[in-house]
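What follows is the content of work.pdb, which has PDB, C-alpha atoms and all ligand atoms:
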```
ATOM      1  CA  MET X   1       8.674 -77.152  38.543
ATOM      2  CA  THR X   2      11.321 -76.951  35.844
ATOM      3  CA  PHE X   3      14.513 -76.559  37.859
ATOM      4  CA  ARG X   4      16.711 -79.230  36.314
ATOM      5  CA  HIS X   5      20.256 -78.276  37.253
ATOM      6  CA  ARG X   6      22.818 -80.646  38.675
ATOM      7  CA  HIS X   7      25.011 -77.904  40.175
ATOM      8  CA  LEU X   8      24.733 -74.283  41.242
ATOM      9  CA  LEU X   9      27.883 -72.818  39.751
ATOM     10  CA  GLY X  10      26.788 -69.332  38.782
ATOM     11  CA  ILE X  11      23.898 -67.062  37.919
ATOM     12  CA  GLU X  12      25.175 -67.292  34.353
ATOM     13  CA  HIS X  13      23.389 -70.644  33.971
ATOM     14  CA  LEU X  14      20.050 -69.617  35.494
ATOM     15  CA  PRO X  15      17.140 -68.389  33.369
ATOM     16  CA  PRO X  16      14.588 -66.092  35.074
ATOM     17  CA  GLN X  17      12.104 -68.886  35.833
ATOM     18  CA  ASP X  18      14.774 -70.852  37.747
ATOM     19  CA  ILE X  19      15.672 -67.763  39.768
ATOM     20  CA  THR X  20      11.984 -67.372  40.634
ATOM     21  CA  THR X  21      11.699 -71.074  41.561
ATOM     22  CA  ILE X  22      14.593 -70.764  44.042
ATOM     23  CA  LEU X  23      13.225 -67.541  45.563
ATOM     24  CA  ASP X  24       9.685 -68.917  45.918
ATOM     25  CA  LEU X  25      10.925 -72.017  47.721
ATOM     26  CA  ALA X  26      13.242 -69.855  49.856
ATOM     27  CA  ASP X  27      10.224 -67.805  50.969
ATOM     28  CA  SER X  28       8.731 -70.943  52.496
ATOM     29  CA  TYR X  29      12.019 -71.681  54.265
ATOM     30  CA  VAL X  30      11.990 -68.177  55.773
ATOM     31  CA  ASP X  31       8.733 -69.204  57.468
ATOM     32  CA  LEU X  32      10.259 -72.473  58.725
ATOM     33  CA  ASN X  33      13.289 -70.591  60.077
ATOM     34  CA  ARG X  34      11.061 -68.263  62.092
ATOM     35  CA  ARG X  35       9.375 -71.120  63.938
ATOM     36  CA  ASP X  36      10.490 -72.422  67.320
ATOM     37  CA  VAL X  37      11.244 -75.837  65.848
ATOM     38  CA  LYS X  38      13.228 -75.259  62.684
ATOM     39  CA  HIS X  39      13.597 -78.725  61.346
ATOM     40  CA  SER X  40      12.752 -80.614  58.212
ATOM     41  CA  ASP X  41      13.834 -84.023  56.932
ATOM     42  CA  THR X  42      14.250 -82.912  53.322
ATOM     43  CA  LEU X  43      17.952 -83.805  53.217
ATOM     44  CA  ALA X  44      17.846 -86.623  55.796
ATOM     45  CA  GLY X  45      20.391 -89.329  55.026
ATOM     46  CA  LEU X  46      22.363 -87.049  52.668
ATOM     47  CA  THR X  47      25.921 -85.895  53.307
ATOM     48  CA  GLN X  48      26.958 -82.276  52.764
ATOM     49  CA  ILE X  49      30.643 -81.347  52.788
ATOM     50  CA  ASN X  50      31.708 -77.707  53.057
ATOM     51  CA  MET X  51      35.156 -77.088  51.556
ATOM     52  CA  PHE X  52      36.294 -73.512  52.129
ATOM     53  CA  PHE X  53      39.732 -72.778  50.698
ATOM     54  CA  GLU X  54      39.299 -69.113  51.659
ATOM     55  CA  ASN X  55      38.268 -67.583  54.980
ATOM     56  CA  SER X  56      34.567 -67.135  55.480
ATOM     57  CA  THR X  57      32.394 -66.495  58.480
ATOM     58  CA  ARG X  58      28.871 -65.857  57.357
ATOM     59  CA  THR X  59      28.729 -67.891  54.154
ATOM     60  CA  GLN X  60      30.134 -71.036  55.752
ATOM     61  CA  ALA X  61      27.946 -70.682  58.863
ATOM     62  CA  SER X  62      24.921 -70.050  56.667
ATOM     63  CA  PHE X  63      25.494 -73.192  54.550
ATOM     64  CA  GLU X  64      26.113 -75.228  57.683
ATOM     65  CA  ILE X  65      22.907 -74.072  59.385
ATOM     66  CA  ALA X  66      20.962 -74.540  56.126
ATOM     67  CA  GLY X  67      22.105 -78.161  55.787
ATOM     68  CA  LYS X  68      21.465 -78.963  59.456
ATOM     69  CA  ARG X  69      17.958 -77.479  59.403
ATOM     70  CA  LEU X  70      17.177 -79.763  56.449
ATOM     71  CA  GLY X  71      18.471 -82.819  58.295
ATOM     72  CA  ALA X  72      21.672 -83.445  56.268
ATOM     73  CA  ASP X  73      24.859 -84.781  57.830
ATOM     74  CA  VAL X  74      27.119 -81.722  57.504
ATOM     75  CA  MET X  75      30.877 -81.814  57.625
ATOM     76  CA  ASN X  76      33.219 -78.822  57.471
ATOM     77  CA  MET X  77      36.634 -79.566  55.978
ATOM     78  CA  ALA X  78      39.280 -77.262  57.457
ATOM     79  CA  MET X  79      41.048 -76.669  54.157
ATOM     80  CA  GLN X  80      43.880 -74.635  55.707
ATOM     81  CA  THR X  81      45.060 -77.741  57.521
ATOM     82  CA  ALA X  82      44.088 -80.262  54.832
ATOM     83  CA  SER X  83      46.298 -82.194  52.434
ATOM     84  CA  LEU X  84      46.398 -79.292  49.985
ATOM     85  CA  LYS X  85      49.083 -77.850  52.211
ATOM     86  CA  LYS X  86      50.996 -81.067  51.567
ATOM     87  CA  GLY X  87      50.901 -80.416  47.840
ATOM     88  CA  GLU X  88      47.840 -82.452  46.894
ATOM     89  CA  THR X  89      46.016 -80.869  43.980
ATOM     90  CA  LEU X  90      42.490 -79.561  44.178
ATOM     91  CA  ILE X  91      41.330 -82.384  41.943
ATOM     92  CA  ASP X  92      42.973 -85.101  44.059
ATOM     93  CA  THR X  93      41.336 -83.681  47.168
ATOM     94  CA  ALA X  94      37.999 -83.606  45.382
ATOM     95  CA  LEU X  95      38.338 -87.188  44.174
ATOM     96  CA  THR X  96      39.252 -88.358  47.666
ATOM     97  CA  LEU X  97      36.160 -86.714  49.083
ATOM     98  CA  ASN X  98      34.082 -87.991  46.189
ATOM     99  CA  ALA X  99      35.005 -91.549  47.128
ATOM    100  CA  MET X 100      33.255 -90.963  50.471
ATOM    101  CA  HIS X 101      29.971 -90.454  48.577
ATOM    102  CA  PRO X 102      28.912 -86.950  49.543
ATOM    103  CA  ASP X 103      25.657 -85.726  48.026
ATOM    104  CA  LEU X 104      26.329 -81.990  48.208
ATOM    105  CA  LEU X 105      29.688 -80.278  48.000
ATOM    106  CA  VAL X 106      29.815 -76.579  48.927
ATOM    107  CA  VAL X 107      33.046 -75.005  47.686
ATOM    108  CA  ARG X 108      34.738 -71.627  48.066
ATOM    109  CA  HIS X 109      38.061 -71.131  46.307
ATOM    110  CA  PRO X 110      40.336 -68.133  45.661
ATOM    111  CA  GLN X 111      40.725 -68.969  41.957
ATOM    112  CA  SER X 112      38.063 -68.089  39.388
ATOM    113  CA  GLY X 113      36.882 -71.248  37.631
ATOM    114  CA  ALA X 114      38.181 -73.693  40.264
ATOM    115  CA  VAL X 115      34.667 -74.666  41.387
ATOM    116  CA  ASN X 116      33.507 -75.358  37.808
ATOM    117  CA  LEU X 117      36.557 -77.549  37.273
ATOM    118  CA  LEU X 118      35.835 -79.488  40.415
ATOM    119  CA  ALA X 119      32.208 -80.006  39.428
ATOM    120  CA  GLU X 120      33.381 -81.839  36.299
ATOM    121  CA  LYS X 121      35.307 -84.362  38.388
ATOM    122  CA  VAL X 122      32.818 -85.408  41.050
ATOM    123  CA  ASN X 123      29.467 -87.118  40.852
ATOM    124  CA  CYS X 124      27.565 -85.124  43.434
ATOM    125  CA  ALA X 125      25.906 -81.701  43.339
ATOM    126  CA  VAL X 126      28.377 -78.807  43.649
ATOM    127  CA  LEU X 127      27.415 -75.378  44.984
ATOM    128  CA  ASN X 128      29.719 -72.449  44.339
ATOM    129  CA  ALA X 129      30.184 -70.448  47.571
ATOM    130  CA  GLY X 130      32.425 -67.921  45.775
ATOM    131  CA  ASP X 131      35.258 -68.509  43.300
ATOM    132  CA  GLY X 132      37.885 -65.789  42.926
ATOM    133  CA  LEU X 133      36.518 -62.756  41.095
ATOM    134  CA  HIS X 134      34.053 -64.883  39.149
ATOM    135  CA  GLU X 135      30.702 -65.693  40.809
ATOM    136  CA  HIS X 136      28.967 -65.973  44.169
ATOM    137  CA  PRO X 137      25.512 -67.171  43.122
ATOM    138  CA  THR X 138      23.922 -67.722  46.541
ATOM    139  CA  GLN X 139      24.861 -64.167  47.544
ATOM    140  CA  ALA X 140      23.092 -62.731  44.476
ATOM    141  CA  LEU X 141      20.064 -64.945  45.177
ATOM    142  CA  LEU X 142      19.846 -63.876  48.815
ATOM    143  CA  ASP X 143      20.189 -60.254  47.745
ATOM    144  CA  ALA X 144      17.387 -60.801  45.216
ATOM    145  CA  LEU X 145      15.123 -62.348  47.857
ATOM    146  CA  THR X 146      15.853 -59.452  50.236
ATOM    147  CA  ILE X 147      15.008 -56.921  47.499
ATOM    148  CA  ARG X 148      11.863 -58.784  46.428
ATOM    149  CA  ARG X 149      10.529 -58.901  49.994
ATOM    150  CA  ALA X 150      11.397 -55.261  50.749
ATOM    151  CA  LYS X 151      10.173 -53.783  47.455
ATOM    152  CA  GLY X 152       7.414 -56.239  46.588
ATOM    153  CA  ARG X 153       8.945 -56.961  43.184
ATOM    154  CA  LEU X 154      12.216 -57.875  41.474
ATOM    155  CA  HIS X 155      11.858 -56.026  38.169
ATOM    156  CA  ARG X 156      11.861 -52.410  36.978
ATOM    157  CA  LEU X 157      13.965 -51.265  39.925
ATOM    158  CA  THR X 158      17.008 -49.018  39.793
ATOM    159  CA  VAL X 159      19.814 -50.711  41.686
ATOM    160  CA  ALA X 160      23.094 -48.893  42.376
ATOM    161  CA  ILE X 161      26.080 -51.136  43.153
ATOM    162  CA  CYS X 162      28.793 -48.986  44.705
ATOM    163  CA  GLY X 163      32.485 -49.319  45.419
ATOM    164  CA  ASP X 164      35.002 -52.002  44.604
ATOM    165  CA  ILE X 165      33.313 -53.592  41.593
ATOM    166  CA  ALA X 166      36.595 -54.729  40.044
ATOM    167  CA  HIS X 167      37.413 -57.237  42.775
ATOM    168  CA  SER X 168      33.870 -58.358  43.529
ATOM    169  CA  ARG X 169      32.294 -61.680  42.608
ATOM    170  CA  VAL X 170      29.229 -60.436  44.495
ATOM    171  CA  ALA X 171      28.887 -57.567  42.009
ATOM    172  CA  ARG X 172      29.329 -59.868  39.035
ATOM    173  CA  SER X 173      26.636 -62.319  40.130
ATOM    174  CA  ASN X 174      24.298 -59.468  41.082
ATOM    175  CA  ILE X 175      24.759 -57.692  37.744
ATOM    176  CA  LEU X 176      23.851 -60.923  35.925
ATOM    177  CA  LEU X 177      20.823 -61.650  38.099
ATOM    178  CA  LEU X 178      19.405 -58.130  38.265
ATOM    179  CA  GLY X 179      19.855 -57.626  34.530
ATOM    180  CA  ARG X 180      18.149 -60.935  33.778
ATOM    181  CA  MET X 181      15.146 -59.870  35.877
ATOM    182  CA  GLU X 182      14.917 -56.601  33.921
ATOM    183  CA  ASN X 183      16.206 -54.069  36.391
ATOM    184  CA  ARG X 184      18.299 -51.002  35.688
ATOM    185  CA  VAL X 185      21.773 -51.502  37.134
ATOM    186  CA  ARG X 186      24.206 -48.683  37.855
ATOM    187  CA  LEU X 187      27.804 -49.156  38.925
ATOM    188  CA  ILE X 188      29.390 -46.361  40.955
ATOM    189  CA  GLY X 189      33.048 -46.182  41.907
ATOM    190  CA  PRO X 190      36.411 -44.638  41.112
ATOM    191  CA  PRO X 191      37.535 -45.627  37.580
ATOM    192  CA  THR X 192      40.361 -47.711  39.122
ATOM    193  CA  LEU X 193      37.751 -49.989  40.750
ATOM    194  CA  ILE X 194      35.469 -50.370  37.724
ATOM    195  CA  PRO X 195      36.507 -53.265  35.473
ATOM    196  CA  ALA X 196      37.474 -52.455  31.910
ATOM    197  CA  GLY X 197      34.590 -53.220  29.573
ATOM    198  CA  ALA X 198      31.902 -52.787  32.272
ATOM    199  CA  THR X 199      29.824 -50.612  29.924
ATOM    200  CA  GLU X 200      29.326 -53.697  27.709
ATOM    201  CA  TRP X 201      27.485 -55.489  30.528
ATOM    202  CA  GLY X 202      24.284 -53.525  30.001
ATOM    203  CA  VAL X 203      24.893 -51.286  33.007
ATOM    204  CA  GLU X 204      25.400 -47.545  33.489
ATOM    205  CA  VAL X 205      28.726 -46.478  34.994
ATOM    206  CA  TYR X 206      29.239 -43.421  37.234
ATOM    207  CA  ASP X 207      32.199 -42.037  39.133
ATOM    208  CA  ASP X 208      30.228 -39.791  41.442
ATOM    209  CA  MET X 209      27.645 -40.749  44.032
ATOM    210  CA  ALA X 210      25.298 -37.787  43.505
ATOM    211  CA  ARG X 211      24.554 -38.674  39.888
ATOM    212  CA  GLY X 212      24.799 -42.434  40.284
ATOM    213  CA  LEU X 213      22.460 -42.632  43.287
ATOM    214  CA  ALA X 214      19.842 -40.197  41.923
ATOM    215  CA  GLY X 215      16.453 -41.864  42.370
ATOM    216  CA  ALA X 216      17.892 -45.348  43.111
ATOM    217  CA  ASP X 217      15.537 -47.854  44.788
ATOM    218  CA  VAL X 218      18.326 -50.053  46.094
ATOM    219  CA  VAL X 219      21.806 -48.973  47.226
ATOM    220  CA  MET X 220      24.200 -51.902  47.428
ATOM    221  CA  MET X 221      27.546 -51.112  49.046
ATOM    222  CA  LEU X 222      30.606 -53.315  48.567
ATOM    223  CA  ARG X 223      33.636 -53.867  50.750
ATOM    224  CA  LEU X 224      36.980 -52.530  49.589
ATOM    225  CA  GLN X 225      38.668 -55.891  48.987
ATOM    226  CA  LYS X 226      42.136 -54.876  50.066
ATOM    227  CA  GLU X 227      43.390 -58.451  50.094
ATOM    228  CA  ARG X 228      42.821 -58.605  46.336
ATOM    229  CA  MET X 229      44.538 -55.280  45.590
ATOM    230  CA  ASP X 230      48.213 -54.905  44.906
ATOM    231  CA  GLY X 231      48.271 -51.209  45.858
ATOM    232  CA  GLY X 232      47.447 -47.915  44.176
ATOM    233  CA  PHE X 233      43.698 -48.317  43.701
ATOM    234  CA  ILE X 234      42.609 -45.557  46.076
ATOM    235  CA  PRO X 235      44.443 -42.484  47.376
ATOM    236  CA  SER X 236      43.488 -43.093  51.055
ATOM    237  CA  GLU X 237      40.596 -44.591  52.994
ATOM    238  CA  ARG X 238      39.657 -41.141  54.277
ATOM    239  CA  GLU X 239      39.492 -39.710  50.791
ATOM    240  CA  TYR X 240      37.585 -42.788  49.592
ATOM    241  CA  PHE X 241      34.969 -42.408  52.337
ATOM    242  CA  HIS X 242      34.622 -38.735  51.504
ATOM    243  CA  ARG X 243      33.849 -39.465  47.831
ATOM    244  CA  PHE X 244      32.233 -42.899  47.836
ATOM    245  CA  GLY X 245      31.384 -43.845  51.433
ATOM    246  CA  LEU X 246      27.640 -44.016  52.053
ATOM    247  CA  ASP X 247      26.654 -41.361  54.615
ATOM    248  CA  PRO X 248      23.277 -39.700  55.256
ATOM    249  CA  ALA X 249      24.003 -36.852  52.800
ATOM    250  CA  LYS X 250      24.799 -39.191  49.895
ATOM    251  CA  LEU X 251      21.895 -41.506  50.708
ATOM    252  CA  GLY X 252      19.734 -38.392  50.341
ATOM    253  CA  PHE X 253      20.285 -38.563  46.543
ATOM    254  CA  ALA X 254      18.543 -41.956  46.334
ATOM    255  CA  ALA X 255      14.760 -42.494  46.369
ATOM    256  CA  GLU X 256      13.115 -41.583  49.654
ATOM    257  CA  ASP X 257      12.322 -45.241  50.379
ATOM    258  CA  ALA X 258      15.619 -46.672  49.083
ATOM    259  CA  ILE X 259      16.995 -49.658  50.971
ATOM    260  CA  VAL X 260      20.678 -50.064  51.858
ATOM    261  CA  MET X 261      22.455 -53.387  51.437
ATOM    262  CA  HIS X 262      25.940 -54.780  52.115
ATOM    263  CA  PRO X 263      27.070 -58.415  51.714
ATOM    264  CA  GLY X 264      29.442 -58.145  54.707
ATOM    265  CA  PRO X 265      31.959 -58.082  56.162
ATOM    266  CA  MET X 266      31.632 -54.279  56.460
ATOM    267  CA  ASN X 267      34.390 -51.732  56.875
ATOM    268  CA  ARG X 268      32.539 -49.073  58.865
ATOM    269  CA  GLY X 269      33.834 -45.614  58.081
ATOM    270  CA  VAL X 270      35.422 -46.797  54.805
ATOM    271  CA  GLU X 271      32.564 -47.715  52.453
ATOM    272  CA  ILE X 272      29.647 -47.144  54.831
ATOM    273  CA  ASP X 273      28.848 -44.924  57.785
ATOM    274  CA  GLY X 274      27.987 -47.016  60.867
ATOM    275  CA  THR X 275      24.791 -45.063  61.587
ATOM    276  CA  ILE X 276      23.360 -46.000  58.182
ATOM    277  CA  ALA X 277      24.354 -49.642  58.512
ATOM    278  CA  ASP X 278      22.468 -49.760  61.831
ATOM    279  CA  ASP X 279      19.414 -47.723  60.765
ATOM    280  CA  ILE X 280      16.593 -50.272  60.767
ATOM    281  CA  ASN X 281      14.458 -47.984  58.641
ATOM    282  CA  ARG X 282      16.924 -48.020  55.756
ATOM    283  CA  SER X 283      19.367 -50.892  56.176
ATOM    284  CA  VAL X 284      18.340 -54.471  55.305
ATOM    285  CA  ILE X 285      21.777 -55.896  56.093
ATOM    286  CA  GLN X 286      20.457 -58.203  58.844
ATOM    287  CA  GLU X 287      17.632 -59.372  56.543
ATOM    288  CA  GLN X 288      20.273 -60.317  53.961
ATOM    289  CA  VAL X 289      21.869 -62.658  56.497
ATOM    290  CA  GLU X 290      18.471 -64.161  57.354
ATOM    291  CA  MET X 291      17.595 -64.646  53.664
ATOM    292  CA  GLY X 292      20.979 -66.284  53.115
ATOM    293  CA  VAL X 293      20.047 -69.326  55.180
ATOM    294  CA  ALA X 294      16.662 -69.691  53.432
ATOM    295  CA  VAL X 295      18.121 -69.336  49.922
ATOM    296  CA  ARG X 296      20.803 -71.941  50.638
ATOM    297  CA  MET X 297      18.166 -74.325  51.999
ATOM    298  CA  ALA X 298      16.137 -73.839  48.800
ATOM    299  CA  ALA X 299      19.142 -74.327  46.519
ATOM    300  CA  MET X 300      20.268 -77.517  48.274
ATOM    301  CA  ASP X 301      16.711 -78.868  48.363
ATOM    302  CA  LEU X 302      16.288 -78.353  44.593
ATOM    303  CA  LEU X 303      19.679 -79.858  43.739
ATOM    304  CA  ALA X 304      19.015 -82.855  45.984
ATOM    305  CA  ARG X 305      15.753 -83.525  44.119
ATOM    306  CA  ASN X 306      17.727 -83.670  40.868
ATOM    307  CA  ARG X 307      20.358 -86.079  42.158
ATOM    308  CA  ALA X 308      18.338 -89.106  41.194
ATOM    309  CA  ALA X 309      17.464 -87.813  37.729
ATOM    310  CA  LYS X 310      18.629 -89.893  34.780
ATOM    311  CA  PRO X 311      21.901 -88.855  33.104
ATOM    312  CA  GLY X 312      21.111 -86.532  30.252
ATOM    313  CA  GLY X 313      17.901 -85.375  31.922
ATOM    314  CA  VAL X 314      19.682 -82.723  33.869
ATOM    315  CA  TYR X 315      21.849 -79.818  32.749
ATOM    316  CA  VAL X 316      24.427 -77.656  34.505
TER     317      VAL X 316
HETATM  318  C1  LIG X 401      31.660 -61.547  50.041
HETATM  319  C2  LIG X 401      32.622 -62.541  49.443
HETATM  320  O1  LIG X 401      33.284 -63.279  50.164
HETATM  321  O2  LIG X 401      32.701 -62.556  48.231
HETATM  322  N1  LIG X 401      31.247 -61.815  51.328
HETATM  323  C3  LIG X 401      30.334 -62.775  51.587
HETATM  324  O3  LIG X 401      30.226 -63.783  50.931
HETATM  325  N2  LIG X 401      29.539 -62.534  52.643
HETATM  326  C4  LIG X 401      32.078 -60.159  49.858
HETATM  327  C5  LIG X 401      33.314 -59.691  50.556
HETATM  328  O4  LIG X 401      34.162 -60.472  51.004
HETATM  329  O5  LIG X 401      33.484 -58.464  50.622
END
```

Please render this file's structure as structure tokens.
Amino acid sequence: MTFRHRHLLGIEHLPPQDITTILDLADSYVDLNRRDVKHSDTLAGLTQINMFFENSTRTQASFEIAGKRLGADVMNMAMQTASLKKGETLIDTALTLNAMHPDLLVVRHPQSGAVNLLAEKVNCAVLNAGDGLHEHPTQALLDALTIRRAKGRLHRLTVAICGDIAHSRVARSNILLLGRMENRVRLIGPPTLIPAGATEWGVEVYDDMARGLAGADVVMMLRLQKERMDGGFIPSEREYFHRFGLDPAKLGFAAEDAIVMHPGPMNRGVEIDGTIADDINRSVIQEQVEMGVAVRMAAMDLLARNRAAKPGGVYV
């Protein structure tokens, strides 16, 4: 086992063998999670603090369940009511928590780069649960595990990522991971929602679903992140659904056995038709949630093993 990282800040820092190490361990946690008694003592005696500076339902719940199943003492900081509102800086809050000797800090923050900054200031393992438009590494890893289990492999697949790419840290982490594992990645969306320079990321860019989805093995839909838009990105939700919303006719362009994914939360009738989201023969959206817990257990387990490593023996 060569996984030697101190933090999980982004896919950017993970070579293919580390991605495989996390996914292999996560597979064994899927088995544990399907048993009646879902408990292990892997993180017993360790303290995990979840700091979410942005609203989250599934990611925070998933990290909390993951820590509890591994026996950690898990604490959720309600950041909306915390001292930050009183003007304390992110770093002061982090240092205060650090003085309580946590072992794992799970952080979501609306600003890109905030989690990396925090990781430099504390002496415990930091996991990025989403920072601004930058990265969301555990989401890309859970998506990868879902794809690997559904397709039997994680290479030489055509993956179409559709919708609001510009505002999506999920897309960014997935593009990095899928590219690193030698898949063909296509981005599909209106030009206003495709970031400038996307063609330099080693992806193909399309502005129509028929061409972009042709023969795709995996169709990954993204939420329109209205809270990150300052207006003018799409003409109307109805028009958007008509052109880019995944419905049975558009899914027909993809491979016959293509799977449909969505990181949630979904806007039914905006980026995805409800009947497709609920079609157990095509949609793996519930599997993604299940894999999320297992991937987070694997990531925290691996980081906890590295806690005791000598300084200098471990890299970011
Ligand atoms: C995503 C996020 O927060 O980046 N959701 C998630 O983690 N489940 C995507 C989104 O909010 O659309």

Listed atoms of region 132-145 of chain X boxed axis-aligned with 3 Å per side, centre + edges as JSON:
```
{"center_x": 26.5, "center_y": -64.0, "center_z": 44.0, "size_x": 28.8, "size_y": 13.5, "size_z": 15.7}
```

Could you tell me which residues the PyMOL selection byres (((not hetatm)) within 8 of (chain X and resi 401)) returns for this structure, as a compact mmCIF listing (two decimals) with C-alpha atoms, keeping the file's coordinate frame?
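Listing of out-v7.txt after writing:
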```txt
# COMPACT_ATOMS: atom_id res chain seq x y z
CA SER X 56 34.57 -67.14 55.48
CA THR X 57 32.39 -66.50 58.48
CA ARG X 58 28.87 -65.86 57.36
CA THR X 59 28.73 -67.89 54.15
CA ALA X 129 30.18 -70.45 47.57
CA GLY X 130 32.42 -67.92 45.78
CA HIS X 136 28.97 -65.97 44.17
CA GLN X 139 24.86 -64.17 47.54
CA SER X 168 33.87 -58.36 43.53
CA ARG X 169 32.29 -61.68 42.61
CA VAL X 170 29.23 -60.44 44.50
CA LEU X 222 30.61 -53.32 48.57
CA ARG X 223 33.64 -53.87 50.75
CA LEU X 224 36.98 -52.53 49.59
CA GLN X 225 38.67 -55.89 48.99
CA PRO X 263 27.07 -58.42 51.71
CA GLY X 264 29.44 -58.14 54.71
CA PRO X 265 31.96 -58.08 56.16
CA MET X 266 31.63 -54.28 56.46
```

### Atomic distance CA of Asp257 (chain X) - CA of Gly179 (chain X), expressed in Å with one decimal
21.5 Å

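For the atom pair formed by CA of Ala171 (chain X) and CA of Ala140 (chain X), the distance is 8.1 Å, given to one decimal.
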
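Non-sequential neighbours of His39 (chain X) (distance at most 8 Å, separation of 2 or more positions within a chain, only C-alpha atoms) are Leu32, Val37, Asp41, Arg69, Leu70 and Gly71 of chain X.
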
Write out the residues from the selection above, keeping C-alpha atoms, as a tab-separated table (two decimals), in the frame of the given file.
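Okay, this is what ended up in selection.tsv:
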```tsv
chain	number	residue	atom	x	y	z
X	32	LEU	CA	10.26	-72.47	58.72
X	37	VAL	CA	11.24	-75.84	65.85
X	41	ASP	CA	13.83	-84.02	56.93
X	69	ARG	CA	17.96	-77.48	59.40
X	70	LEU	CA	17.18	-79.76	56.45
X	71	GLY	CA	18.47	-82.82	58.30
```

### Query
Could you pull the residues within 12 Å of region 91-98 of chain X, counting all atoms listed in the file, minus those fewer than 6 positions along the same chain, as a ChimeraX atom specification?
/X:47-51,53,75-77,79,82-85,104-107,114-126

### Task
Show me as a list in words the residues that reach within 10 Å of (15.4, -82.6, 43.9), counting all atoms listed in the file and using the file's own coordinates.
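I get Phe3, Arg4, His5, Arg6, Thr42, Leu43, Ala299, Met300, Asp301, Leu302, Leu303, Ala304, Arg305, Asn306, Arg307, Ala308 and Ala309 of chain X for the residues within 10 Å of that point.
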